[in-house]
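In what follows, a structure is listed as structure tokens, so that the remarks can point back to it.
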Amino acid sequence: MIRADKLLLFDIDGTLVDTEGAGLVALEAGFFNAFPFCREKAFPSLDLGGATDSSVVAFLFDHFAIENHGGHRDLFFDEYLLALDCCMREFRNRGKGRVLPGVPELLGRLEKCEDYLLGILTGNVEAGARLKLKHFDIDHYFGFGAFGTDHETRNGLGPIAIERAEVAAGKGFDPSKTIIIGDTLKDIACARAFDARVIAVATGGASEEMLESGSPDILLPNFVDTAAAIEAIDSLCSSVR
């Protein structure tokens with residue numbers, strides 16, 4: 001029986017891992033493989049920090065004047081996932097991509113703590129999220145999550161993650177005892193949208209100053225100090241009875 005009554009929801013890119021651009025390369029390759037007639041037009045700049053794959057696809061379809069329907073989305077994601085797997089392997093062969101410092105130690109400690117249940121809250125499509133986690137050998141820490149095709153906006157993913165946690169654990173979870181852990185202002189906004197707590201970590205594209213402007217409950221520079229990260233999580237949870 002799962003005893004945990006506190007829920008930790010981790011972002012992936014910039015929080016747990018750094019693919020060093022493999023995801024963006026795969027998005028472009030997958031898109032043009034799916035829609036080769038669009039190659040005559042330049043691929044647009046994308047700000048992927050905290051974005052959902054649903055919103056990215058909607059933007060690309062609008063940019064290239066492609067009708068946004070299920071068949072086109074399925075075609076794109078099929079090609080994107082093939083490209084992502086290929087890019088991740090190629091980048092690894094070139095020594096690129098890594099689990100961020102301190103992450104294995106932190107997840108290992110949290111996994112042994114019966115008070116916490118670990119999940120994912122990410123803008124990645126589920127298959128892409130699991131591919132990344134497996135590639136870096138941290139997939140076994142996470143049995144459930146909310147993903148970028150579950151809702152177009154990140155702010156809609158929190159309640160979905162809680163519902164899936166409740167199915168996984170066979171018990172309810174209170175948003176006030178839920179912590180989002182992420183590296184962007186959108187992670188902070190997501191937590192606020194469903195009354196969860198939030199720990200921001202400056203390991204992605206946002207600086208500590210930028211993250212501080214979003215008023216997270218706690219701001220960490222990284223996860224190198226495992227004890228400090230555990231203390232931050234414990235302190236947030238212990239402040240709610």
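Residue numbers start at 1 in each chain; chains themselves are named A, B, ... in the order of the structure tokens; ligands are numbered from 1 in the order shown.
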
Please provide the set of residues having any atom within 7 Å of Gly119 of chain A, restricted to only C-alpha atoms, with same-chain residues fewer than 6 positions apart removed, written as a PDB file with N, CA, C and O atoms, in the first residue's frame.
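Output contents, as saved in out22.pdb:
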ATOM      1  N   LEU A   8       5.050  15.056  -5.528  1.00  0.00           N
ATOM      2  CA  LEU A   8       6.107  15.843  -6.166  1.00  0.00           C
ATOM      3  C   LEU A   8       6.011  15.641  -7.672  1.00  0.00           C
ATOM      4  O   LEU A   8       6.115  14.523  -8.162  1.00  0.00           O
ATOM      5  N   LEU A   9       5.804  16.741  -8.407  1.00  0.00           N
ATOM      6  CA  LEU A   9       5.641  16.689  -9.854  1.00  0.00           C
ATOM      7  C   LEU A   9       6.800  17.408 -10.533  1.00  0.00           C
ATOM      8  O   LEU A   9       6.938  18.632 -10.412  1.00  0.00           O
ATOM      9  N   PHE A  10       7.628  16.656 -11.234  1.00  0.00           N
ATOM     10  CA  PHE A  10       8.846  17.185 -11.841  1.00  0.00           C
ATOM     11  C   PHE A  10       8.646  17.510 -13.324  1.00  0.00           C
ATOM     12  O   PHE A  10       8.096  16.710 -14.094  1.00  0.00           O
ATOM     13  N   PHE A 142       9.372   7.244 -12.126  1.00  0.00           N
ATOM     14  CA  PHE A 142       8.100   7.904 -12.389  1.00  0.00           C
ATOM     15  C   PHE A 142       7.106   6.949 -13.034  1.00  0.00           C
ATOM     16  O   PHE A 142       7.302   6.501 -14.155  1.00  0.00           O
ATOM     17  N   GLY A 143       6.027   6.677 -12.339  1.00  0.00           N
ATOM     18  CA  GLY A 143       5.023   5.765 -12.870  1.00  0.00           C
ATOM     19  C   GLY A 143       3.856   6.445 -13.555  1.00  0.00           C
ATOM     20  O   GLY A 143       3.059   5.793 -14.215  1.00  0.00           O
ATOM     21  N   PHE A 144       3.728   7.740 -13.407  1.00  0.00           N
ATOM     22  CA  PHE A 144       2.583   8.453 -13.977  1.00  0.00           C
ATOM     23  C   PHE A 144       2.972   9.911 -14.221  1.00  0.00           C
ATOM     24  O   PHE A 144       4.047  10.364 -13.804  1.00  0.00           O
ATOM     25  N   GLY A 145       2.083  10.629 -14.876  1.00  0.00           N
ATOM     26  CA  GLY A 145       2.344  12.044 -15.098  1.00  0.00           C
ATOM     27  C   GLY A 145       1.243  12.693 -15.909  1.00  0.00           C
ATOM     28  O   GLY A 145       0.281  12.058 -16.328  1.00  0.00           O
TER      29      GLY A 145
END

field: Test item, helix (DSSP H, G or I) assignment across segment 48-113 of chain A, answer as a PyMOL selection string
entry: chain A and resi 53-63+70-93+103-111

task: Please provide as a ChimeraX atom specification all residues within 8 Å of segment 12-23 of chain A, with the sequence filter that same-chain residues fewer than 3 positions apart are discarded (counting only C-alpha atoms).
output: /A:26-27,84,87-88,91,96-100,103,120-122,129,133,136,181-183,201,203-205

Backbone DSSP call of strand (DSSP E) for segment 61-236 of chain A, listed as a PyMOL selection string: chain A and resi 98-99+116-121+145-146+178-182+197-201+218-220

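What separates atom CA of Gly108 of chain A from atom CA of Ala168 of chain A is a distance of 19.7 Å.
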
query: If you measure from atom CA of Cys38 of chain A to atom CA of Glu126 of chain A, what distance in Å do you get, rounded to one decimal?
result: 26.0 Å

I want to know what sits within 10 Å of Glu28 of chain A, based on only C-alpha atoms, with residues of the same chain fewer than 2 positions away left out; could you give that as a compact mmCIF listing (two decimals) with all heavy atoms, in the first residue's frame?
# COMPACT_ATOMS: atom_id res chain seq x y z
N GLY A 23 15.88 17.95 -28.69
CA GLY A 23 14.43 18.07 -28.85
C GLY A 23 14.06 19.03 -29.95
O GLY A 23 13.15 18.76 -30.76
N LEU A 24 14.74 20.17 -30.01
CA LEU A 24 14.44 21.16 -31.04
C LEU A 24 14.83 20.64 -32.43
O LEU A 24 14.09 20.83 -33.40
CB LEU A 24 15.19 22.47 -30.74
CG LEU A 24 14.95 23.63 -31.70
CD1 LEU A 24 13.46 23.96 -31.78
CD2 LEU A 24 15.75 24.85 -31.26
N VAL A 25 15.97 19.99 -32.52
CA VAL A 25 16.39 19.40 -33.80
C VAL A 25 15.35 18.38 -34.26
O VAL A 25 14.98 18.33 -35.45
CB VAL A 25 17.77 18.74 -33.67
CG1 VAL A 25 18.12 17.94 -34.93
CG2 VAL A 25 18.84 19.79 -33.41
N ALA A 26 14.84 17.58 -33.32
CA ALA A 26 13.85 16.56 -33.66
C ALA A 26 12.52 17.17 -34.08
O ALA A 26 11.84 16.64 -34.98
CB ALA A 26 13.64 15.62 -32.47
N GLY A 30 11.23 16.23 -37.61
CA GLY A 30 9.95 15.53 -37.64
C GLY A 30 8.90 16.28 -38.42
O GLY A 30 8.11 15.68 -39.17
N PHE A 31 8.89 17.60 -38.26
CA PHE A 31 7.89 18.40 -38.96
C PHE A 31 8.10 18.32 -40.48
O PHE A 31 7.15 18.07 -41.23
CB PHE A 31 7.95 19.86 -38.52
CG PHE A 31 6.91 20.72 -39.17
CD1 PHE A 31 5.63 20.78 -38.66
CD2 PHE A 31 7.19 21.42 -40.33
CE1 PHE A 31 4.64 21.54 -39.29
CE2 PHE A 31 6.23 22.17 -40.96
CZ PHE A 31 4.94 22.24 -40.43
N PHE A 32 9.32 18.51 -40.93
CA PHE A 32 9.57 18.49 -42.37
C PHE A 32 9.45 17.08 -42.95
O PHE A 32 9.15 16.93 -44.14
CB PHE A 32 10.92 19.11 -42.69
CG PHE A 32 10.93 20.62 -42.60
CD1 PHE A 32 11.96 21.27 -41.95
CD2 PHE A 32 9.92 21.37 -43.16
CE1 PHE A 32 11.97 22.66 -41.86
CE2 PHE A 32 9.92 22.76 -43.08
CZ PHE A 32 10.95 23.41 -42.43
N ASN A 33 9.70 16.06 -42.14
CA ASN A 33 9.46 14.69 -42.62
C ASN A 33 7.97 14.43 -42.80
O ASN A 33 7.56 13.72 -43.72
CB ASN A 33 10.05 13.67 -41.65
CG ASN A 33 11.56 13.61 -41.71
OD1 ASN A 33 12.18 14.07 -42.69
ND2 ASN A 33 12.18 13.07 -40.67
N ALA A 34 7.17 15.01 -41.90
CA ALA A 34 5.72 14.84 -41.99
C ALA A 34 5.12 15.67 -43.11
O ALA A 34 4.18 15.24 -43.79
CB ALA A 34 5.08 15.20 -40.65
N PHE A 43 11.95 27.29 -41.07
CA PHE A 43 11.38 26.86 -39.80
C PHE A 43 11.48 28.02 -38.82
O PHE A 43 12.52 28.66 -38.70
CB PHE A 43 12.14 25.64 -39.27
CG PHE A 43 11.41 24.88 -38.20
CD1 PHE A 43 10.35 24.05 -38.54
CD2 PHE A 43 11.78 24.98 -36.87
CE1 PHE A 43 9.68 23.32 -37.57
CE2 PHE A 43 11.11 24.27 -35.89
CZ PHE A 43 10.05 23.43 -36.24
N PRO A 44 10.41 28.32 -38.08
CA PRO A 44 10.42 29.50 -37.20
C PRO A 44 11.20 29.26 -35.91
O PRO A 44 11.45 28.12 -35.51
CB PRO A 44 8.93 29.70 -36.89
CG PRO A 44 8.36 28.31 -36.94
CD PRO A 44 9.11 27.62 -38.05
N LEU A 60 3.01 25.82 -35.10
CA LEU A 60 3.63 25.42 -36.37
C LEU A 60 2.59 25.27 -37.47
O LEU A 60 2.81 25.70 -38.62
CB LEU A 60 4.39 24.11 -36.19
CG LEU A 60 5.67 24.19 -35.36
CD1 LEU A 60 6.25 22.80 -35.14
CD2 LEU A 60 6.71 25.09 -36.03
N TYR A 80 7.91 13.02 -35.41
CA TYR A 80 8.71 13.67 -34.36
C TYR A 80 9.33 12.63 -33.43
O TYR A 80 10.53 12.72 -33.09
CB TYR A 80 7.83 14.62 -33.56
CG TYR A 80 8.40 15.00 -32.21
CD1 TYR A 80 9.59 15.73 -32.11
CD2 TYR A 80 7.78 14.60 -31.04
CE1 TYR A 80 10.13 16.06 -30.87
CE2 TYR A 80 8.31 14.92 -29.80
CZ TYR A 80 9.48 15.65 -29.72
OH TYR A 80 10.02 15.96 -28.49
N ALA A 83 12.19 10.93 -35.07
CA ALA A 83 13.33 11.85 -35.13
C ALA A 83 13.96 12.06 -33.77
O ALA A 83 15.19 12.15 -33.64
CB ALA A 83 12.88 13.19 -35.72

- prompt: Skipping near chain neighbours, those fewer than 2 positions away, what residues fall within 12 Å of Asp234 of chain A using only C-alpha atoms, listed as a list in words?
  reply: Lys6, Leu7, Leu8, Leu110, Cys113, Asp115, Tyr116, Lys177, Thr178, Ile179, Arg197, Ile199, Ile218, Ala227, Ala228, Ala229, Ile230, Glu231, Ala232, Leu236, Cys237, Ser238, Ser239 and Val240 of chain A

With N, CA and C atoms retained, could you export that selection as a short mmCIF file (atom, residue, chain, number, x, y, z; two decimals), in the first residue's frame?
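Saved to out_26.cif:
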data_model
loop_
_atom_site.label_atom_id
_atom_site.label_comp_id
_atom_site.auth_asym_id
_atom_site.auth_seq_id
_atom_site.Cartn_x
_atom_site.Cartn_y
_atom_site.Cartn_z
N LYS A 6 2.07 13.18 0.04
CA LYS A 6 2.61 14.39 -0.57
C LYS A 6 3.08 14.05 -1.98
N LEU A 7 2.76 14.93 -2.90
CA LEU A 7 2.98 14.66 -4.31
C LEU A 7 4.03 15.62 -4.88
N LEU A 8 5.05 15.06 -5.53
CA LEU A 8 6.11 15.84 -6.17
C LEU A 8 6.01 15.64 -7.67
N LEU A 110 14.60 10.53 -2.67
CA LEU A 110 13.15 10.71 -2.59
C LEU A 110 12.41 9.38 -2.77
N CYS A 113 11.81 7.61 0.40
CA CYS A 113 11.00 8.29 1.41
C CYS A 113 9.53 7.95 1.19
N ASP A 115 6.94 9.19 2.38
CA ASP A 115 6.01 10.33 2.45
C ASP A 115 5.69 10.91 1.09
N TYR A 116 6.55 10.63 0.09
CA TYR A 116 6.43 11.30 -1.20
C TYR A 116 6.12 10.33 -2.34
N LYS A 177 -0.56 20.05 -0.75
CA LYS A 177 0.54 19.15 -0.43
C LYS A 177 1.19 18.61 -1.71
N THR A 178 1.01 19.36 -2.77
CA THR A 178 1.61 19.03 -4.06
C THR A 178 2.66 20.09 -4.40
N ILE A 179 3.82 19.64 -4.84
CA ILE A 179 4.90 20.56 -5.19
C ILE A 179 5.28 20.36 -6.65
N ARG A 197 2.24 24.15 -4.35
CA ARG A 197 3.49 24.81 -4.02
C ARG A 197 4.46 24.66 -5.19
N ILE A 199 8.80 24.77 -6.32
CA ILE A 199 10.23 24.97 -6.16
C ILE A 199 10.80 25.23 -7.56
N ILE A 218 10.19 28.46 -3.14
CA ILE A 218 11.62 28.28 -2.88
C ILE A 218 12.35 28.32 -4.22
N ALA A 227 21.10 17.46 0.16
CA ALA A 227 20.51 17.72 1.48
C ALA A 227 19.68 19.00 1.48
N ALA A 228 20.19 20.05 0.80
CA ALA A 228 19.46 21.31 0.73
C ALA A 228 18.17 21.16 -0.06
N ALA A 229 18.21 20.38 -1.13
CA ALA A 229 17.00 20.16 -1.92
C ALA A 229 15.96 19.39 -1.13
N ILE A 230 16.38 18.35 -0.41
CA ILE A 230 15.46 17.59 0.43
C ILE A 230 14.89 18.48 1.53
N GLU A 231 15.72 19.30 2.12
CA GLU A 231 15.26 20.21 3.17
C GLU A 231 14.22 21.18 2.63
N ALA A 232 14.44 21.67 1.41
CA ALA A 232 13.48 22.59 0.79
C ALA A 232 12.13 21.91 0.59
N LEU A 236 8.52 22.83 2.75
CA LEU A 236 7.27 23.23 2.12
C LEU A 236 6.12 22.33 2.58
N CYS A 237 6.40 21.04 2.62
CA CYS A 237 5.36 20.10 3.01
C CYS A 237 5.00 20.22 4.48
N SER A 238 5.98 20.46 5.32
CA SER A 238 5.71 20.54 6.76
C SER A 238 4.98 21.82 7.14
N SER A 239 4.96 22.80 6.24
CA SER A 239 4.26 24.06 6.54
C SER A 239 2.76 23.93 6.33
N VAL A 240 2.32 22.80 5.76
CA VAL A 240 0.89 22.54 5.54
C VAL A 240 0.46 21.36 6.38
#

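The environment of Asp187 of chain A within 8 Å, counting only C-alpha atoms and disregarding residues fewer than 4 places along the same chain, consists of Asp11, Gly50, Arg154, Ile180, Ile181, Gly182, Asp183, Ala191, Val198 and Ala200 of chain A.
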
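Between Asp53 of chain A and the residues A:Asp78, A:Glu152, A:Asp5, A:Glu40, the shortest atom-to-atom distance, using only C-alpha atoms, involves A:Glu152.
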
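If you measure from each of A:Ala29, A:Ala146, A:Ala51, A:Ala189 to Glu163 of chain A using only C-alpha atoms, the closest one turns out to be A:Ala146.
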
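Residue nearest Gly156 of chain A, chosen from A:Phe64, A:Phe194, A:Phe35, A:Phe77 and counting only C-alpha atoms: A:Phe194.
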
- prompt: Using only C-alpha atoms, which of the listed residues (A:Ser213, A:Ile2, A:Gly70, A:Ala58) sits closest to Val167 of chain A?
  reply: A:Ile2

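Distance check against Leu118 of chain A using only C-alpha atoms: of A:Ala169, A:Pro36, A:Leu81, A:Asn155, the minimum falls on A:Ala169.
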
message: Just to confirm, what's the straight-line distance from atom CA of Ala165 of chain A to atom CA of Leu211 of chain A in Å (one decimal)?
response: 27.0 Å

- request: Find, counting only C-alpha atoms, the residue in A:Leu82, A:Gly123, A:Lys41, A:Glu90 that gets nearest to Val56 of chain A.
  value: A:Gly123
